[in-house]
file input_20.csv (CSV, C-alpha atoms)
chain,number,residue,atom,x,y,z
A,26,MET,CA,-23.4,-121.0,-4.3
A,27,THR,CA,-21.6,-117.7,-4.1
A,28,PHE,CA,-18.3,-116.6,-5.4
A,29,GLU,CA,-16.2,-113.9,-3.8
A,30,ALA,CA,-14.8,-111.2,-6.1
A,31,ASP,CA,-11.1,-111.5,-6.9
A,32,PRO,CA,-9.1,-108.9,-5.0
A,33,ALA,CA,-8.2,-105.9,-7.2
A,34,VAL,CA,-4.6,-106.2,-8.5
A,35,PRO,CA,-2.9,-102.8,-8.2
A,36,PRO,CA,-1.4,-101.5,-11.4
A,37,PRO,CA,2.4,-101.9,-11.7
A,38,THR,CA,4.2,-98.8,-10.6
A,39,ARG,CA,6.4,-97.1,-13.1
A,40,PRO,CA,10.1,-96.8,-12.1
A,41,PRO,CA,11.5,-93.2,-11.7
A,42,TRP,CA,12.9,-91.4,-14.7
A,43,TRP,CA,16.5,-91.7,-13.6
A,44,ARG,CA,16.2,-95.5,-13.2
A,45,ARG,CA,14.6,-95.8,-16.7
A,46,ILE,CA,17.5,-93.8,-18.2
A,47,TRP,CA,20.1,-95.9,-16.4
A,48,THR,CA,18.5,-99.2,-17.4
A,49,GLY,CA,18.2,-98.0,-21.0
A,50,MET,CA,21.8,-97.1,-21.1
A,51,ARG,CA,22.9,-100.4,-19.6
A,52,SER,CA,20.7,-102.5,-21.9
A,53,TRP,CA,21.4,-100.6,-25.1
A,54,ARG,CA,23.0,-102.7,-27.9
A,55,PRO,CA,23.6,-101.9,-31.5
A,56,GLY,CA,20.6,-103.0,-33.5
A,57,PRO,CA,20.9,-105.3,-36.6
A,58,ARG,CA,21.7,-103.6,-39.9
A,59,THR,CA,18.5,-104.8,-41.4
A,60,GLU,CA,16.4,-102.5,-39.2
A,61,ALA,CA,14.2,-99.9,-41.0
A,62,ALA,CA,15.6,-96.4,-41.4
A,63,GLY,CA,13.0,-94.9,-39.0
A,64,SER,CA,13.8,-97.4,-36.3
A,65,GLY,CA,17.6,-96.7,-36.7
A,66,LEU,CA,17.0,-92.9,-36.4
A,67,ARG,CA,14.9,-93.4,-33.3
A,68,GLN,CA,17.6,-95.6,-31.7
A,69,ALA,CA,20.3,-93.0,-32.6
A,70,TRP,CA,18.2,-90.2,-31.1
A,71,ARG,CA,17.7,-92.2,-27.9
A,72,TRP,CA,21.4,-92.9,-27.6
A,73,GLY,CA,22.4,-89.3,-28.7
A,74,TRP,CA,20.4,-87.4,-26.0
A,75,ARG,CA,21.7,-89.7,-23.3
A,76,LEU,CA,25.3,-89.1,-24.4
A,77,LEU,CA,24.6,-85.4,-24.5
A,78,LEU,CA,23.2,-85.5,-21.0
A,79,VAL,CA,26.4,-87.2,-19.8
A,80,LEU,CA,28.5,-84.6,-21.5
A,81,LEU,CA,26.6,-81.8,-20.0
A,82,ILE,CA,26.9,-83.3,-16.5
A,83,LEU,CA,30.7,-83.6,-16.9
A,84,TYR,CA,31.1,-80.2,-18.7
A,85,TYR,CA,31.3,-78.1,-15.6
A,86,PRO,CA,33.4,-80.2,-13.2
A,87,ILE,CA,35.9,-81.4,-15.7
A,88,GLY,CA,36.2,-78.0,-17.4
A,89,ALA,CA,36.6,-76.3,-14.0
A,90,LEU,CA,39.3,-78.7,-13.0
A,91,VAL,CA,41.2,-78.0,-16.2
A,92,VAL,CA,41.0,-74.2,-15.8
A,93,HIS,CA,41.6,-74.1,-12.0
A,94,SER,CA,45.1,-73.0,-10.9
A,95,ILE,CA,46.1,-71.2,-7.8
A,96,ASP,CA,49.6,-70.3,-9.1
A,97,ASP,CA,51.6,-69.2,-6.0
A,98,ASP,CA,55.0,-70.2,-7.3
A,99,PRO,CA,57.5,-68.4,-5.0
A,100,GLN,CA,60.3,-68.8,-7.6
A,101,PHE,CA,58.4,-66.7,-10.2
A,102,GLN,CA,60.4,-63.8,-11.4
A,103,ALA,CA,60.7,-61.5,-14.5
A,104,ARG,CA,63.0,-62.7,-17.2
A,105,GLY,CA,65.2,-60.7,-19.5
A,106,VAL,CA,65.3,-57.5,-17.5
A,107,ALA,CA,67.6,-55.1,-19.4
A,108,PRO,CA,70.2,-52.9,-17.6
A,109,GLY,CA,68.6,-49.7,-16.4
A,110,GLU,CA,65.0,-51.2,-16.2
A,111,SER,CA,63.1,-51.6,-13.0
A,112,VAL,CA,62.9,-55.2,-11.8
A,113,ALA,CA,59.6,-54.4,-9.9
A,114,VAL,CA,58.0,-53.0,-13.1
A,115,ALA,CA,59.1,-56.0,-15.1
A,116,THR,CA,57.8,-58.3,-12.4
A,117,ALA,CA,54.4,-56.6,-12.4
A,118,ALA,CA,54.2,-56.8,-16.2
A,119,GLU,CA,55.2,-60.5,-16.2
A,120,LEU,CA,52.6,-61.3,-13.5
A,121,VAL,CA,49.9,-59.8,-15.6
A,122,THR,CA,51.0,-61.8,-18.6
A,123,ARG,CA,50.9,-65.0,-16.5
A,124,GLU,CA,47.4,-64.5,-15.1
A,125,VAL,CA,45.8,-63.2,-18.2
A,126,ASP,CA,47.5,-65.0,-21.1
A,127,VAL,CA,49.0,-68.2,-19.6
A,128,ASN,CA,46.2,-68.8,-17.1
A,129,THR,CA,42.6,-67.8,-17.7
A,130,TRP,CA,41.4,-64.6,-16.2
A,131,THR,CA,38.5,-66.2,-14.4
A,132,PRO,CA,36.8,-63.3,-12.5
A,133,MET,CA,35.2,-62.2,-15.8
A,134,MET,CA,34.0,-65.6,-17.0
A,135,PRO,CA,30.2,-65.9,-17.5
A,136,PHE,CA,28.1,-68.6,-15.8
A,137,PHE,CA,27.9,-70.8,-19.0
A,138,THR,CA,31.6,-71.4,-19.0
A,139,PRO,CA,33.3,-74.0,-16.7
A,140,ALA,CA,35.4,-71.2,-15.1
A,141,GLY,CA,32.2,-69.4,-14.2
A,142,ILE,CA,31.6,-71.8,-11.3
A,143,LEU,CA,35.1,-71.3,-9.8
A,144,ASP,CA,35.4,-69.5,-6.6
A,145,ASN,CA,38.9,-69.6,-5.1
A,146,MET,CA,40.9,-68.9,-8.3
A,147,PRO,CA,38.9,-65.7,-9.2
A,148,ASN,CA,39.4,-64.3,-5.7
A,149,PHE,CA,43.1,-65.1,-5.8
A,150,GLN,CA,43.4,-63.3,-9.1
A,151,ARG,CA,41.5,-60.3,-7.8
A,152,GLY,CA,43.9,-60.1,-4.9
A,153,ILE,CA,46.9,-60.1,-7.3
A,154,MET,CA,45.4,-57.4,-9.4
A,155,ALA,CA,44.5,-55.3,-6.3
A,156,ALA,CA,48.2,-55.3,-5.4
A,157,LEU,CA,49.3,-54.5,-9.0
A,158,GLY,CA,46.8,-51.7,-9.1
A,159,ARG,CA,48.2,-50.2,-5.9
A,160,PHE,CA,51.7,-50.5,-7.2
A,161,SER,CA,50.8,-48.8,-10.6
A,162,THR,CA,49.2,-45.9,-8.7
A,163,GLU,CA,52.3,-45.4,-6.5
A,164,LEU,CA,54.5,-45.8,-9.5
A,165,MET,CA,52.7,-43.0,-11.3
A,166,ASP,CA,52.4,-40.7,-8.2
A,167,GLN,CA,55.9,-41.2,-6.6
A,168,LEU,CA,58.5,-43.4,-8.3
A,169,GLY,CA,57.9,-42.3,-11.8
A,170,ARG,CA,58.3,-38.5,-11.1
A,171,THR,CA,61.2,-36.4,-10.0
A,172,ARG,CA,59.1,-34.4,-7.5
A,173,GLY,CA,55.5,-33.9,-6.8
A,174,SER,CA,55.4,-30.9,-9.0
A,175,SER,CA,56.9,-32.6,-12.0
A,176,GLN,CA,54.8,-34.0,-14.9
A,177,THR,CA,53.1,-37.4,-14.7
A,178,ASP,CA,54.6,-40.0,-17.0
A,179,ARG,CA,52.0,-40.7,-19.8
A,180,ASP,CA,52.7,-44.4,-19.9
A,181,LEU,CA,52.4,-44.8,-16.2
A,182,GLU,CA,49.2,-42.8,-16.1
A,183,GLN,CA,47.6,-45.1,-18.7
A,184,ALA,CA,48.9,-48.2,-17.0
A,185,ARG,CA,47.4,-47.1,-13.7
A,186,GLY,CA,44.0,-46.5,-15.3
A,187,PHE,CA,44.0,-49.9,-17.0
A,188,LEU,CA,45.3,-52.0,-14.1
A,189,ASN,CA,42.7,-50.5,-11.7
A,190,GLU,CA,39.8,-51.4,-13.9
A,191,GLN,CA,37.0,-53.8,-12.6
A,192,PRO,CA,38.1,-57.4,-12.8
A,193,ASN,CA,34.7,-58.9,-13.8
A,194,VAL,CA,33.9,-57.2,-17.2
A,195,TRP,CA,33.2,-59.7,-20.0
A,196,ILE,CA,32.5,-58.9,-23.7
A,197,TRP,CA,28.9,-58.0,-22.9
A,198,GLN,CA,27.8,-56.8,-19.5
A,199,PRO,CA,24.2,-55.4,-19.4
A,200,THR,CA,24.9,-53.6,-16.0
A,201,VAL,CA,27.6,-51.6,-17.7
A,202,SER,CA,26.4,-51.2,-21.3
A,203,ILE,CA,24.0,-52.8,-23.8
A,204,TRP,CA,26.9,-52.8,-26.3
A,205,PRO,CA,29.9,-55.1,-26.4
A,206,SER,CA,32.9,-53.6,-24.6
A,207,ALA,CA,36.6,-54.3,-23.9
A,208,THR,CA,37.0,-57.1,-21.4
A,209,SER,CA,38.9,-56.9,-18.2
A,210,ALA,CA,41.6,-59.1,-19.7
A,211,GLN,CA,42.0,-56.8,-22.7
A,212,LYS,CA,42.4,-53.8,-20.4
A,213,TYR,CA,45.0,-55.5,-18.2
A,214,ARG,CA,47.0,-56.4,-21.3
A,215,ALA,CA,46.9,-52.8,-22.3
A,216,GLY,CA,48.2,-51.8,-18.8
A,217,ARG,CA,50.9,-54.5,-19.1
A,218,ASP,CA,52.0,-53.0,-22.5
A,219,LYS,CA,52.2,-49.5,-21.0
A,220,LEU,CA,54.4,-50.8,-18.2
A,221,LEU,CA,56.7,-52.5,-20.7
A,222,ALA,CA,56.9,-49.3,-22.8
A,223,TYR,CA,57.8,-47.3,-19.7
A,224,ASN,CA,60.5,-49.8,-18.7
A,225,LYS,CA,62.0,-49.6,-22.2
A,226,ARG,CA,62.1,-45.8,-22.1
A,227,LEU,CA,63.6,-46.1,-18.6
A,228,ALA,CA,66.5,-48.2,-19.9
A,229,SER,CA,67.2,-45.7,-22.7
A,230,GLY,CA,67.2,-42.8,-20.2
A,231,GLN,CA,63.9,-41.3,-21.4
A,232,ALA,CA,61.9,-41.9,-18.3
A,233,VAL,CA,62.3,-41.5,-14.5
A,234,PHE,CA,62.5,-44.0,-11.7
A,235,GLU,CA,63.4,-42.2,-8.6
A,236,ARG,CA,65.3,-44.5,-6.2
A,237,ARG,CA,64.9,-42.3,-3.1
A,238,ALA,CA,64.3,-43.4,0.4
A,239,ASP,CA,61.1,-41.2,0.7
A,240,ASN,CA,59.6,-42.8,-2.4
A,241,LEU,CA,60.3,-46.3,-1.0
A,242,GLN,CA,58.9,-45.3,2.3
A,243,ALA,CA,55.7,-44.0,0.8
A,244,LEU,CA,55.2,-47.2,-1.3
A,245,ILE,CA,55.5,-49.6,1.6
A,246,ASP,CA,53.3,-47.4,3.8
A,247,ARG,CA,50.5,-47.8,1.1
A,248,ILE,CA,51.1,-51.6,1.0
A,249,ALA,CA,50.9,-51.7,4.8
A,250,ASN,CA,47.6,-49.7,4.8
A,251,ASP,CA,46.1,-52.2,2.3
A,252,HIS,CA,47.0,-55.1,4.5
A,253,GLY,CA,45.7,-53.3,7.5
A,254,SER,CA,42.3,-53.1,5.8
A,255,ASP,CA,42.5,-56.8,5.0
A,256,SER,CA,43.2,-57.6,8.7
A,257,ALA,CA,40.1,-55.6,9.6
A,258,ALA,CA,38.0,-57.7,7.2
A,259,ILE,CA,39.3,-60.8,8.7
A,260,ASP,CA,38.6,-59.6,12.2
A,261,GLN,CA,35.0,-58.6,11.3
A,262,HIS,CA,34.3,-61.9,9.6
A,263,ILE,CA,35.6,-64.0,12.5
A,264,ILE,CA,33.5,-62.0,14.9
A,265,GLU,CA,30.3,-62.5,12.8
A,266,GLN,CA,30.9,-66.1,11.5
A,267,ALA,CA,33.4,-68.0,13.6
A,268,GLY,CA,32.3,-71.5,14.3
A,269,ASN,CA,30.0,-71.6,11.2
A,270,LEU,CA,31.0,-74.8,9.3
A,271,PHE,CA,28.9,-73.7,6.3
A,272,ASP,CA,30.5,-70.3,6.0
A,273,ARG,CA,30.7,-69.7,2.2
A,274,GLN,CA,32.6,-66.4,2.4
A,275,CYS,CA,35.7,-67.3,4.5
A,276,ASP,CA,37.4,-68.9,1.5
A,277,ASP,CA,36.7,-65.7,-0.6
A,278,ILE,CA,38.4,-63.6,2.0
A,279,PHE,CA,41.3,-66.0,2.4
A,280,TYR,CA,42.1,-66.3,-1.3
A,281,PHE,CA,41.8,-62.6,-2.0
A,282,ASN,CA,44.3,-61.9,0.8
A,283,LYS,CA,46.5,-64.8,-0.4
A,284,GLY,CA,46.6,-63.2,-3.9
A,285,ARG,CA,47.5,-59.7,-2.5
A,286,LEU,CA,50.1,-61.2,-0.2
A,287,TYR,CA,51.6,-63.2,-3.1
A,288,ALA,CA,51.8,-60.3,-5.5
A,289,ASN,CA,53.3,-58.0,-2.8
A,290,PHE,CA,55.9,-60.7,-1.9
A,291,LEU,CA,57.1,-60.7,-5.6
A,292,LEU,CA,57.0,-56.9,-5.8
A,293,LEU,CA,58.9,-56.4,-2.5
A,294,ARG,CA,61.5,-58.9,-3.5
A,295,ALA,CA,62.0,-57.1,-6.8
A,296,LEU,CA,62.0,-53.7,-5.1
A,297,GLY,CA,64.9,-55.0,-2.9
A,298,GLU,CA,66.9,-55.2,-6.1
A,299,ASP,CA,65.8,-51.8,-7.4
A,300,PHE,CA,66.6,-50.1,-4.1
A,301,GLU,CA,69.5,-52.2,-3.1
A,302,SER,CA,71.8,-49.3,-2.4
A,303,ILE,CA,69.2,-47.5,-0.3
A,304,ILE,CA,68.5,-50.6,1.8
A,305,ARG,CA,72.2,-51.3,2.3
A,306,ASP,CA,73.0,-47.7,3.3
A,307,LYS,CA,70.2,-47.6,5.8
A,308,GLY,CA,71.3,-50.9,7.3
A,309,LEU,CA,68.0,-52.6,6.4
A,310,THR,CA,69.2,-55.6,4.6
A,311,ASN,CA,68.3,-58.2,7.3
A,312,ALA,CA,65.0,-56.4,8.1
A,313,TRP,CA,64.1,-56.2,4.4
A,314,ASN,CA,64.9,-59.9,3.8
A,315,GLY,CA,62.9,-60.9,6.9
A,316,THR,CA,59.9,-59.0,5.8
A,317,VAL,CA,60.0,-60.5,2.3
A,318,GLU,CA,60.2,-64.0,3.9
A,319,THR,CA,57.2,-63.3,6.1
A,320,PHE,CA,55.2,-62.3,2.9
A,321,ARG,CA,56.4,-65.5,1.3
A,322,ILE,CA,55.2,-67.7,4.2
A,323,ALA,CA,51.9,-65.9,4.4
A,324,SER,CA,51.3,-66.3,0.6
A,325,GLN,CA,52.1,-70.1,0.7
A,326,LEU,CA,49.3,-71.0,3.2
A,327,ASP,CA,47.2,-73.5,1.2
A,328,PRO,CA,44.7,-75.6,3.1
A,329,TRP,CA,42.6,-78.1,1.3
A,330,VAL,CA,39.4,-76.6,2.8
A,331,VAL,CA,39.3,-73.1,4.4
A,332,TRP,CA,37.6,-73.4,7.8
A,333,ASN,CA,36.4,-70.5,9.9
A,334,GLY,CA,36.3,-72.4,13.2
A,335,TRP,CA,36.5,-70.9,16.6
A,336,PRO,CA,39.9,-69.3,17.2
A,337,ASP,CA,40.4,-71.7,20.2
A,338,ALA,CA,38.8,-74.7,18.6
A,339,PHE,CA,40.3,-78.2,19.3
A,340,LEU,CA,39.4,-79.9,16.0
A,341,ILE,CA,38.2,-77.3,13.4
A,342,PRO,CA,40.9,-74.7,12.7
A,343,ASN,CA,40.4,-71.1,11.8
A,344,HIS,CA,42.5,-70.4,8.7
A,345,LEU,CA,41.6,-66.8,8.6
A,346,ALA,CA,43.1,-66.3,12.0
A,347,ALA,CA,46.3,-68.1,11.0
A,348,GLN,CA,46.5,-65.9,7.8
A,349,GLY,CA,45.8,-62.8,9.8
A,350,PHE,CA,48.7,-63.5,12.1
A,351,TYR,CA,51.3,-63.5,9.3
A,352,LEU,CA,49.5,-60.6,7.6
A,353,LEU,CA,49.8,-58.4,10.7
A,354,ARG,CA,53.4,-59.5,11.3
A,355,ALA,CA,54.3,-58.5,7.7
A,356,ARG,CA,52.5,-55.2,8.2
A,357,THR,CA,54.4,-54.5,11.5
A,358,GLN,CA,57.7,-55.3,9.8
A,359,LEU,CA,56.8,-52.8,7.0
A,360,ARG,CA,56.1,-50.1,9.6
A,361,GLU,CA,59.5,-50.8,11.2
A,362,ILE,CA,61.2,-50.4,7.8
A,363,SER,CA,59.2,-47.2,7.1
A,364,SER,CA,60.3,-45.6,10.4
A,365,ILE,CA,63.9,-46.3,9.7
A,366,LEU,CA,63.6,-44.9,6.1
A,367,LEU,CA,62.3,-41.6,7.6
A,368,LYS,CA,65.5,-41.1,9.7

call {"tool": "encode", "arguments": {"input": "input_20.csv", "output": "structure tokens"}}
result
Amino acid sequence: MTFEADPAVPPPTRPPWWRRIWTGMRSWRPGPRTEAAGSGLRQAWRWGWRLLLVLLILYYPIGALVVHSIDDDPQFQARGVAPGESVAVATAAELVTREVDVNTWTPMMPFFTPAGILDNMPNFQRGIMAALGRFSTELMDQLGRTRGSSQTDRDLEQARGFLNEQPNVWIWQPTVSIWPSATSAQKYRAGRDKLLAYNKRLASGQAVFERRADNLQALIDRIANDHGSDSAAIDQHIIEQAGNLFDRQCDDIFYFNKGRLYANFLLLRALGEDFESIIRDKGLTNAWNGTVETFRIASQLDPWVVWNGWPDAFLIPNHLAAQGFYLLRARTQLREISSILLK
């Protein structure tokens, strides 16, 4: 009489690590108070590292949501501008204060902070600072001097240097220096302070702000040139990446342009007050207001997701093309105003 061997029973498979963690977290209950100290410590450790894991998982998304802010408020304006001060200079200083002190200056945030994973807000802020850097340069070269041969205003010279600094310098940047350095935010605050100091001297008659047609014409020509460069970047990207639904650069371009358009909208509106008499005498009131309105519309474009679809697509839009239309319309209007100011 023979017996067949029992079939081999396969060893039980061990569930994956994530299922073990989830099961343990669901089944955990506080142990009785009579447990030994060692058992209590082990239980506390098991619960503690699970809680820490959950906090780390939530650290970036929740922190980023708290920091994230695309502040394109069209009603923003400088407050408390004293008689004799420049409204445009006060607006530029107030805008620096808002983005650096009220909001977080995210382009310089390192990877281990929640703001380090943000994408749209840093590019929006870069665009704002690019516009303010351009304005500070023209303020030093044109508006803040009687003529080209006159001396450069010291406050404006320092403001131009600070506001044109790189936007991504943190406390310690190995690519720049092995030693701690001033952050981008600190430099922008210093530039803001120099603008405020200049404006106070302007109100007391100790500084120059030349409200001449040629100065205004030179400034808007520079602004138009900057947006012409932005339109070329849009055109090149559409040619290379249109229809790519996984394009990760189109939103960077879109929000940088949005930031520059928004800052220039605020500056042009303020310049309309500074140069009110020139604009009125040249018969440019309607043209100027129409240009400011175009900048406002362009700066308020705010899609949930920035798509770089085909320009003639039926379902997937191309937000870069839509932005580029308003950008070029604003640039054309600036050129029309410039040609009238030359007459």

call {"tool": "closest_residue", "arguments": {"input": "input_20.csv", "among": "A:Asn193, A:Thr319, A:Ser254, A:Gln176", "to": "Gly141 (chain A)", "atoms": "all atoms listed in the file"}}
result
A:Asn193

call {"tool": "residues_around", "arguments": {"input": "input_20.csv", "residues": "Asp97 (chain A)", "least_positions_apart": "5", "cutoff": "12 Å", "atoms": "all atoms listed in the file", "output": "PyMOL selection string"}}
result
chain A and resi 102+120+123-124+146+149-150+152-153+280+283-291+320-327

call {"tool": "closest_residue", "arguments": {"input": "input_20.csv", "among": "A:Pro192, A:Phe160, A:Pro139, A:Phe234", "to": "Asp178 (chain A)", "atoms": "all atoms listed in the file"}}
result
A:Phe234

call {"tool": "residues_near_point", "arguments": {"input": "input_20.csv", "point": "(67.7, -46.8, 4.3)", "cutoff": "7 Å", "atoms": "all atoms listed in the file", "output": "list of chain:residue names"}}
result
A:Ala238, A:Ile303, A:Ile304, A:Arg305, A:Asp306, A:Lys307, A:Gly308, A:Leu309, A:Ile365, A:Leu366

call {"tool": "atom_distance", "arguments": {"input": "input_20.csv", "atom1": "CA of Thr116 (chain A)", "atom2": "CA of Arg104 (chain A)"}}
result
8.3 Å

call {"tool": "closest_residue", "arguments": {"input": "input_20.csv", "among": "A:Leu143, A:Leu367, A:Val331, A:Ala355", "to": "Ala243 (chain A)", "atoms": "only C-alpha atoms"}}
result
A:Leu367

call {"tool": "residues_around", "arguments": {"input": "input_20.csv", "residues": "Asp251 (chain A)", "least_positions_apart": "4", "cutoff": "12 Å", "atoms": "all atoms listed in the file", "output": "PDB file with C-alpha atoms, in the coordinates of the input"}}
result
ATOM      1  CA  GLY A 152      43.900 -60.100  -4.900  1.00  0.00           C
ATOM      2  CA  ALA A 155      44.500 -55.300  -6.300  1.00  0.00           C
ATOM      3  CA  ALA A 156      48.200 -55.300  -5.400  1.00  0.00           C
ATOM      4  CA  LEU A 157      49.300 -54.500  -9.000  1.00  0.00           C
ATOM      5  CA  GLY A 158      46.800 -51.700  -9.100  1.00  0.00           C
ATOM      6  CA  ARG A 159      48.200 -50.200  -5.900  1.00  0.00           C
ATOM      7  CA  PHE A 160      51.700 -50.500  -7.200  1.00  0.00           C
ATOM      8  CA  LEU A 244      55.200 -47.200  -1.300  1.00  0.00           C
ATOM      9  CA  ILE A 245      55.500 -49.600   1.600  1.00  0.00           C
ATOM     10  CA  ASP A 246      53.300 -47.400   3.800  1.00  0.00           C
ATOM     11  CA  ARG A 247      50.500 -47.800   1.100  1.00  0.00           C
ATOM     12  CA  ASP A 255      42.500 -56.800   5.000  1.00  0.00           C
ATOM     13  CA  SER A 256      43.200 -57.600   8.700  1.00  0.00           C
ATOM     14  CA  ALA A 257      40.100 -55.600   9.600  1.00  0.00           C
ATOM     15  CA  ALA A 258      38.000 -57.700   7.200  1.00  0.00           C
ATOM     16  CA  ASN A 282      44.300 -61.900   0.800  1.00  0.00           C
ATOM     17  CA  ARG A 285      47.500 -59.700  -2.500  1.00  0.00           C
ATOM     18  CA  LEU A 286      50.100 -61.200  -0.200  1.00  0.00           C
ATOM     19  CA  ASN A 289      53.300 -58.000  -2.800  1.00  0.00           C
ATOM     20  CA  LEU A 352      49.500 -60.600   7.600  1.00  0.00           C
ATOM     21  CA  LEU A 353      49.800 -58.400  10.700  1.00  0.00           C
ATOM     22  CA  ALA A 355      54.300 -58.500   7.700  1.00  0.00           C
ATOM     23  CA  ARG A 356      52.500 -55.200   8.200  1.00  0.00           C
ATOM     24  CA  LEU A 359      56.800 -52.800   7.000  1.00  0.00           C
TER      25      LEU A 359
END

call {"tool": "atom_distance", "arguments": {"input": "input_20.csv", "atom1": "CA of Gly216 (chain A)", "atom2": "CA of Val121 (chain A)"}}
result
8.8 Å
